[in-house]
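Just final_6.cif here, mmCIF, N, CA, C and O atoms:
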```cif
data_data
#
loop_
_atom_site.label_atom_id
_atom_site.label_comp_id
_atom_site.auth_asym_id
_atom_site.auth_seq_id
_atom_site.Cartn_x
_atom_site.Cartn_y
_atom_site.Cartn_z
N MET A 1 -7.81 -51.48 18.50
CA MET A 1 -7.81 -50.50 17.43
C MET A 1 -7.55 -49.11 17.97
O MET A 1 -8.03 -48.76 19.02
N THR A 2 -6.83 -48.33 17.20
CA THR A 2 -6.57 -46.95 17.59
C THR A 2 -7.23 -46.00 16.60
O THR A 2 -7.37 -46.33 15.42
N GLN A 3 -7.64 -44.86 17.10
CA GLN A 3 -8.24 -43.86 16.22
C GLN A 3 -7.13 -43.12 15.49
O GLN A 3 -6.07 -42.88 16.04
N ALA A 4 -7.42 -42.77 14.24
CA ALA A 4 -6.44 -41.99 13.47
C ALA A 4 -6.37 -40.59 14.05
O ALA A 4 -7.38 -39.99 14.37
N LYS A 5 -5.14 -40.10 14.20
CA LYS A 5 -4.95 -38.76 14.73
C LYS A 5 -5.10 -37.76 13.59
O LYS A 5 -4.65 -38.02 12.48
N PRO A 6 -5.72 -36.59 13.86
CA PRO A 6 -5.78 -35.57 12.82
C PRO A 6 -4.37 -35.07 12.50
O PRO A 6 -3.49 -35.12 13.37
N PRO A 7 -4.14 -34.58 11.28
CA PRO A 7 -2.81 -34.09 10.95
C PRO A 7 -2.44 -32.89 11.82
O PRO A 7 -3.32 -32.14 12.23
N PRO A 8 -1.15 -32.71 12.11
CA PRO A 8 -0.75 -31.57 12.92
C PRO A 8 -1.10 -30.26 12.22
O PRO A 8 -1.02 -30.17 11.00
N GLN A 9 -1.52 -29.28 13.00
CA GLN A 9 -1.90 -27.99 12.44
C GLN A 9 -0.94 -26.92 12.93
O GLN A 9 -0.51 -26.94 14.07
N ARG A 10 -0.61 -26.00 12.05
CA ARG A 10 0.28 -24.90 12.37
C ARG A 10 -0.37 -24.04 13.45
O ARG A 10 -1.57 -23.83 13.45
N SER A 11 0.40 -23.54 14.36
CA SER A 11 -0.12 -22.72 15.43
C SER A 11 -0.59 -21.37 14.89
O SER A 11 0.13 -20.69 14.17
N ILE A 12 -1.81 -21.01 15.22
CA ILE A 12 -2.41 -19.74 14.81
C ILE A 12 -2.76 -18.99 16.08
O ILE A 12 -3.29 -19.57 17.03
N ALA A 13 -2.50 -17.69 16.12
CA ALA A 13 -2.80 -16.88 17.30
C ALA A 13 -3.64 -15.67 16.90
O ALA A 13 -3.68 -15.28 15.73
N LEU A 14 -4.32 -15.10 17.89
CA LEU A 14 -5.08 -13.88 17.64
C LEU A 14 -4.15 -12.83 17.05
O LEU A 14 -3.01 -12.68 17.48
N GLY A 15 -4.64 -12.11 16.06
CA GLY A 15 -3.85 -11.06 15.43
C GLY A 15 -3.04 -11.53 14.24
O GLY A 15 -2.56 -10.71 13.47
N ASP A 16 -2.86 -12.85 14.08
CA ASP A 16 -2.16 -13.35 12.90
C ASP A 16 -2.95 -12.99 11.65
O ASP A 16 -4.17 -12.94 11.67
N VAL A 17 -2.24 -12.75 10.57
CA VAL A 17 -2.88 -12.52 9.28
C VAL A 17 -2.57 -13.73 8.42
O VAL A 17 -1.42 -14.14 8.30
N VAL A 18 -3.62 -14.32 7.87
CA VAL A 18 -3.48 -15.53 7.06
C VAL A 18 -4.10 -15.30 5.69
O VAL A 18 -4.94 -14.43 5.51
N ARG A 19 -3.67 -16.09 4.73
CA ARG A 19 -4.23 -16.04 3.38
C ARG A 19 -5.09 -17.28 3.20
O ARG A 19 -4.66 -18.38 3.50
N LEU A 20 -6.31 -17.08 2.71
CA LEU A 20 -7.19 -18.21 2.46
C LEU A 20 -6.81 -18.88 1.16
O LEU A 20 -6.41 -18.23 0.20
N SER A 21 -6.98 -20.20 1.14
CA SER A 21 -6.57 -20.99 -0.02
C SER A 21 -7.58 -20.97 -1.15
O SER A 21 -7.26 -21.33 -2.26
N PHE A 22 -8.82 -20.56 -0.87
CA PHE A 22 -9.83 -20.48 -1.92
C PHE A 22 -10.92 -19.54 -1.48
O PHE A 22 -11.02 -19.19 -0.31
N GLY A 23 -11.76 -19.11 -2.43
CA GLY A 23 -12.83 -18.17 -2.14
C GLY A 23 -14.05 -18.85 -1.54
O GLY A 23 -14.08 -20.05 -1.31
N PHE A 24 -15.05 -18.06 -1.27
CA PHE A 24 -16.31 -18.54 -0.74
C PHE A 24 -17.29 -18.71 -1.88
O PHE A 24 -16.92 -18.61 -3.05
N ALA A 25 -18.55 -18.95 -1.59
CA ALA A 25 -19.57 -19.20 -2.62
C ALA A 25 -19.60 -18.10 -3.67
O ALA A 25 -19.79 -18.36 -4.85
N ASP A 26 -19.37 -16.86 -3.25
CA ASP A 26 -19.38 -15.75 -4.21
C ASP A 26 -18.02 -15.55 -4.87
O ASP A 26 -17.84 -14.63 -5.67
N GLN A 27 -17.05 -16.39 -4.53
CA GLN A 27 -15.69 -16.35 -5.08
C GLN A 27 -14.95 -15.05 -4.81
O GLN A 27 -13.94 -14.77 -5.42
N SER A 28 -15.46 -14.23 -3.89
CA SER A 28 -14.77 -12.97 -3.59
C SER A 28 -14.01 -13.04 -2.27
O SER A 28 -13.45 -12.05 -1.83
N GLY A 29 -14.00 -14.18 -1.63
CA GLY A 29 -13.43 -14.29 -0.30
C GLY A 29 -11.95 -14.60 -0.22
O GLY A 29 -11.39 -14.57 0.86
N ALA A 30 -11.30 -14.90 -1.32
CA ALA A 30 -9.87 -15.21 -1.25
C ALA A 30 -9.10 -13.95 -0.88
O ALA A 30 -9.48 -12.85 -1.26
N GLY A 31 -8.04 -14.10 -0.11
CA GLY A 31 -7.22 -12.96 0.26
C GLY A 31 -6.70 -13.07 1.68
O GLY A 31 -6.68 -14.15 2.26
N ASP A 32 -6.27 -11.94 2.22
CA ASP A 32 -5.68 -11.90 3.56
C ASP A 32 -6.74 -11.57 4.60
O ASP A 32 -7.59 -10.70 4.38
N TYR A 33 -6.67 -12.27 5.74
CA TYR A 33 -7.63 -12.10 6.83
C TYR A 33 -6.89 -12.11 8.15
O TYR A 33 -5.95 -12.88 8.34
N GLU A 34 -7.37 -11.30 9.10
CA GLU A 34 -6.82 -11.28 10.44
C GLU A 34 -7.63 -12.21 11.34
O GLU A 34 -8.86 -12.19 11.31
N ILE A 35 -6.95 -13.02 12.12
CA ILE A 35 -7.61 -13.90 13.08
C ILE A 35 -8.14 -13.02 14.23
O ILE A 35 -7.35 -12.35 14.90
N VAL A 36 -9.46 -13.00 14.42
CA VAL A 36 -10.05 -12.18 15.48
C VAL A 36 -10.62 -13.03 16.62
O VAL A 36 -10.90 -12.50 17.69
N ARG A 37 -10.79 -14.32 16.39
CA ARG A 37 -11.29 -15.21 17.45
C ARG A 37 -10.90 -16.64 17.12
O ARG A 37 -11.01 -17.08 15.97
N ILE A 38 -10.47 -17.38 18.11
CA ILE A 38 -10.22 -18.81 17.96
C ILE A 38 -11.44 -19.51 18.51
O ILE A 38 -11.79 -19.35 19.68
N MET A 39 -12.12 -20.25 17.65
CA MET A 39 -13.39 -20.88 18.00
C MET A 39 -13.15 -22.31 18.50
O MET A 39 -12.05 -22.85 18.33
N PRO A 40 -14.19 -22.93 19.07
CA PRO A 40 -14.04 -24.33 19.52
C PRO A 40 -13.66 -25.25 18.35
O PRO A 40 -14.04 -25.01 17.20
N THR A 41 -12.92 -26.28 18.68
CA THR A 41 -12.50 -27.27 17.69
C THR A 41 -13.71 -28.04 17.17
O THR A 41 -14.61 -28.37 17.93
N ARG A 42 -13.72 -28.32 15.87
CA ARG A 42 -14.80 -29.11 15.26
C ARG A 42 -14.72 -30.55 15.77
O ARG A 42 -13.69 -31.00 16.28
N ALA A 43 -15.81 -31.30 15.59
CA ALA A 43 -15.86 -32.70 16.02
C ALA A 43 -14.75 -33.52 15.35
O ALA A 43 -14.25 -34.48 15.92
N SER A 44 -14.34 -33.12 14.14
CA SER A 44 -13.29 -33.83 13.42
C SER A 44 -11.90 -33.55 13.98
O SER A 44 -10.93 -34.17 13.57
N GLY A 45 -11.79 -32.58 14.90
CA GLY A 45 -10.50 -32.20 15.45
C GLY A 45 -9.88 -31.00 14.76
O GLY A 45 -8.83 -30.52 15.18
N GLU A 46 -10.53 -30.50 13.72
CA GLU A 46 -10.00 -29.37 12.98
C GLU A 46 -10.26 -28.06 13.74
O GLU A 46 -11.35 -27.85 14.27
N CYS A 47 -9.26 -27.20 13.81
CA CYS A 47 -9.42 -25.90 14.44
C CYS A 47 -10.27 -25.00 13.55
O CYS A 47 -10.27 -25.13 12.33
N GLU A 48 -11.01 -24.10 14.19
CA GLU A 48 -11.86 -23.17 13.47
C GLU A 48 -11.61 -21.76 13.99
O GLU A 48 -11.31 -21.58 15.18
N TYR A 49 -11.69 -20.77 13.10
CA TYR A 49 -11.35 -19.40 13.45
C TYR A 49 -12.39 -18.43 12.91
O TYR A 49 -13.04 -18.70 11.91
N ARG A 50 -12.49 -17.28 13.57
CA ARG A 50 -13.27 -16.16 13.06
C ARG A 50 -12.24 -15.18 12.52
O ARG A 50 -11.26 -14.85 13.21
N VAL A 51 -12.41 -14.75 11.26
CA VAL A 51 -11.44 -13.87 10.62
C VAL A 51 -12.12 -12.62 10.09
O VAL A 51 -13.32 -12.63 9.80
N ARG A 52 -11.35 -11.54 9.94
CA ARG A 52 -11.86 -10.29 9.38
C ARG A 52 -10.95 -9.88 8.22
O ARG A 52 -9.73 -9.80 8.36
N GLY A 53 -11.58 -9.59 7.09
CA GLY A 53 -10.84 -9.15 5.91
C GLY A 53 -10.68 -7.65 5.88
O GLY A 53 -11.25 -6.91 6.70
N ALA A 54 -9.93 -7.16 4.90
CA ALA A 54 -9.70 -5.73 4.74
C ALA A 54 -11.00 -4.99 4.48
O ALA A 54 -11.11 -3.80 4.77
N ASP A 55 -12.02 -5.69 3.97
CA ASP A 55 -13.32 -5.07 3.70
C ASP A 55 -14.16 -4.94 4.96
O ASP A 55 -15.26 -4.39 4.93
N GLY A 56 -13.65 -5.44 6.11
CA GLY A 56 -14.35 -5.33 7.38
C GLY A 56 -15.31 -6.48 7.66
O GLY A 56 -15.83 -6.60 8.76
N HIS A 57 -15.57 -7.32 6.67
CA HIS A 57 -16.48 -8.46 6.88
C HIS A 57 -15.78 -9.58 7.63
O HIS A 57 -14.60 -9.84 7.42
N GLU A 58 -16.53 -10.23 8.51
CA GLU A 58 -16.00 -11.37 9.25
C GLU A 58 -16.57 -12.66 8.70
O GLU A 58 -17.70 -12.69 8.20
N ARG A 59 -15.77 -13.72 8.80
CA ARG A 59 -16.16 -15.04 8.31
C ARG A 59 -15.63 -16.09 9.28
O ARG A 59 -14.61 -15.87 9.92
N ALA A 60 -16.29 -17.23 9.33
CA ALA A 60 -15.79 -18.38 10.08
C ALA A 60 -15.12 -19.30 9.08
O ALA A 60 -15.68 -19.59 8.02
N ILE A 61 -13.91 -19.75 9.39
CA ILE A 61 -13.18 -20.63 8.49
C ILE A 61 -12.60 -21.81 9.27
O ILE A 61 -12.36 -21.71 10.47
N GLY A 62 -12.35 -22.89 8.57
CA GLY A 62 -11.65 -24.03 9.13
C GLY A 62 -10.17 -23.91 8.82
O GLY A 62 -9.76 -23.20 7.89
N HIS A 63 -9.36 -24.60 9.61
CA HIS A 63 -7.91 -24.55 9.42
C HIS A 63 -7.50 -24.97 8.01
O HIS A 63 -6.53 -24.45 7.47
N ASP A 64 -8.27 -25.87 7.41
CA ASP A 64 -7.91 -26.36 6.07
C ASP A 64 -8.09 -25.31 4.99
O ASP A 64 -7.65 -25.50 3.86
N GLN A 65 -8.71 -24.18 5.29
CA GLN A 65 -8.88 -23.11 4.31
C GLN A 65 -7.71 -22.13 4.32
O GLN A 65 -7.65 -21.23 3.50
N ILE A 66 -6.77 -22.31 5.25
CA ILE A 66 -5.64 -21.40 5.38
C ILE A 66 -4.45 -21.94 4.60
O ILE A 66 -4.11 -23.12 4.71
N VAL A 67 -3.80 -21.07 3.82
CA VAL A 67 -2.56 -21.45 3.16
C VAL A 67 -1.51 -21.57 4.26
O VAL A 67 -1.36 -20.68 5.09
N SER A 68 -0.81 -22.68 4.28
CA SER A 68 0.05 -22.98 5.43
C SER A 68 1.41 -22.30 5.40
O SER A 68 2.09 -22.29 6.39
N ASP A 69 1.82 -21.74 4.27
CA ASP A 69 3.11 -21.07 4.28
C ASP A 69 3.06 -19.79 3.48
O ASP A 69 2.13 -19.54 2.74
N GLY A 70 4.06 -18.98 3.67
CA GLY A 70 4.13 -17.69 3.01
C GLY A 70 4.27 -16.58 4.04
O GLY A 70 3.89 -16.75 5.19
N PRO A 71 4.80 -15.44 3.63
CA PRO A 71 5.04 -14.36 4.58
C PRO A 71 3.77 -13.77 5.16
O PRO A 71 3.79 -13.18 6.22
N GLN A 72 2.62 -13.93 4.50
CA GLN A 72 1.38 -13.37 4.99
C GLN A 72 0.78 -14.19 6.13
O GLN A 72 -0.25 -13.84 6.64
N SER A 73 1.41 -15.28 6.52
CA SER A 73 0.86 -16.13 7.57
C SER A 73 1.37 -15.76 8.96
O SER A 73 1.12 -16.47 9.89
N VAL A 74 2.08 -14.67 9.08
CA VAL A 74 2.54 -14.23 10.40
C VAL A 74 2.20 -12.77 10.62
O VAL A 74 2.25 -11.96 9.72
N ARG A 75 1.83 -12.43 11.79
CA ARG A 75 1.37 -11.13 12.26
C ARG A 75 1.76 -9.93 11.39
O ARG A 75 2.75 -9.28 11.63
N SER A 76 0.90 -9.61 10.42
CA SER A 76 1.03 -8.41 9.61
C SER A 76 -0.33 -7.75 9.60
O SER A 76 -1.34 -8.44 9.53
N PRO A 77 -0.41 -6.43 9.66
CA PRO A 77 -1.72 -5.79 9.69
C PRO A 77 -2.47 -5.95 8.37
O PRO A 77 -1.87 -5.96 7.31
N VAL A 78 -3.79 -6.10 8.48
CA VAL A 78 -4.65 -6.17 7.29
C VAL A 78 -5.16 -4.77 7.01
O VAL A 78 -5.56 -4.06 7.91
N GLY A 79 -5.19 -4.42 5.71
CA GLY A 79 -5.79 -3.17 5.25
C GLY A 79 -5.26 -2.01 5.93
O GLY A 79 -5.60 -0.98 6.18
#
```
Represent the structure contained in this file as C-alpha cells.
Amino acid sequence: MTQAKPPPQRSIALGDVVRLSFGFADQSGAGDYEIVRIMPTRASGECEYRVRGADGHERAIGHDQIVSDGPQSVRSPVG
C-alpha cells in the first residue's frame, strides 16, 4: 500500500502578498496579507504561514486558506 500524496501547493515566499479565501471567526479577516514567516509543515503535509494584514495584526494560516490565483498572490506591498 502507498500513502496518498498531499496535493501540490503553489510556492509561497517571504514578502509575498496573498488573499485569504475566507474570513476568521469574527469574519473580518478576509483580505490581503503579507507572508512574514514560513512555519513548520502540519502533520497532514499542509504548509502553514504567519501573515500580517494592513491593520498590522498577524495571524497563522494554512495553505488551504490562500486563494491560489490572482494578481494579489505575488509580491505586492500591503497597506
**Request:** Please evaluate the PyMOL selection byres ((chain A and resi 61) around 5) against the structure above and give the resulting residues as a PyMOL selection string.
**Result:** chain A and resi 47-49+59-60+62-63
**Fill in**
Restricting to only C-alpha atoms, whichever of A:Gly56, A:Pro40, A:Ile35, A:Val51 is closest to Ile12 (chain A) is A:Ile35
**Request:** For the file shown, report as a PyMOL selection string the outcome of the PyMOL selection byres ((chain A and resi 34) around 4.5) at residue level.
**Result:** chain A and resi 16-17+33+35-36+50-52
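A straight line drawn from CA of Met39 (chain A) to atom O of Ala13 (chain A) is 11.4 Å long.
What separates CA of Arg37 (chain A) from atom N of Gly15 (chain A) is a distance of 7.5 Å.
Take the candidates A:Asp32, A:Glu46, A:Ile66, A:His57 and check each one against Val18 (chain A) using only N, CA, C and O atoms; the shortest distance goes to A:Asp32.
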**Item:** DSSP-assigned helix (DSSP H, G or I) among region 35-75 of chain A, expressed as a PyMOL selection string
**Value:** chain A and resi 63-65+71-73
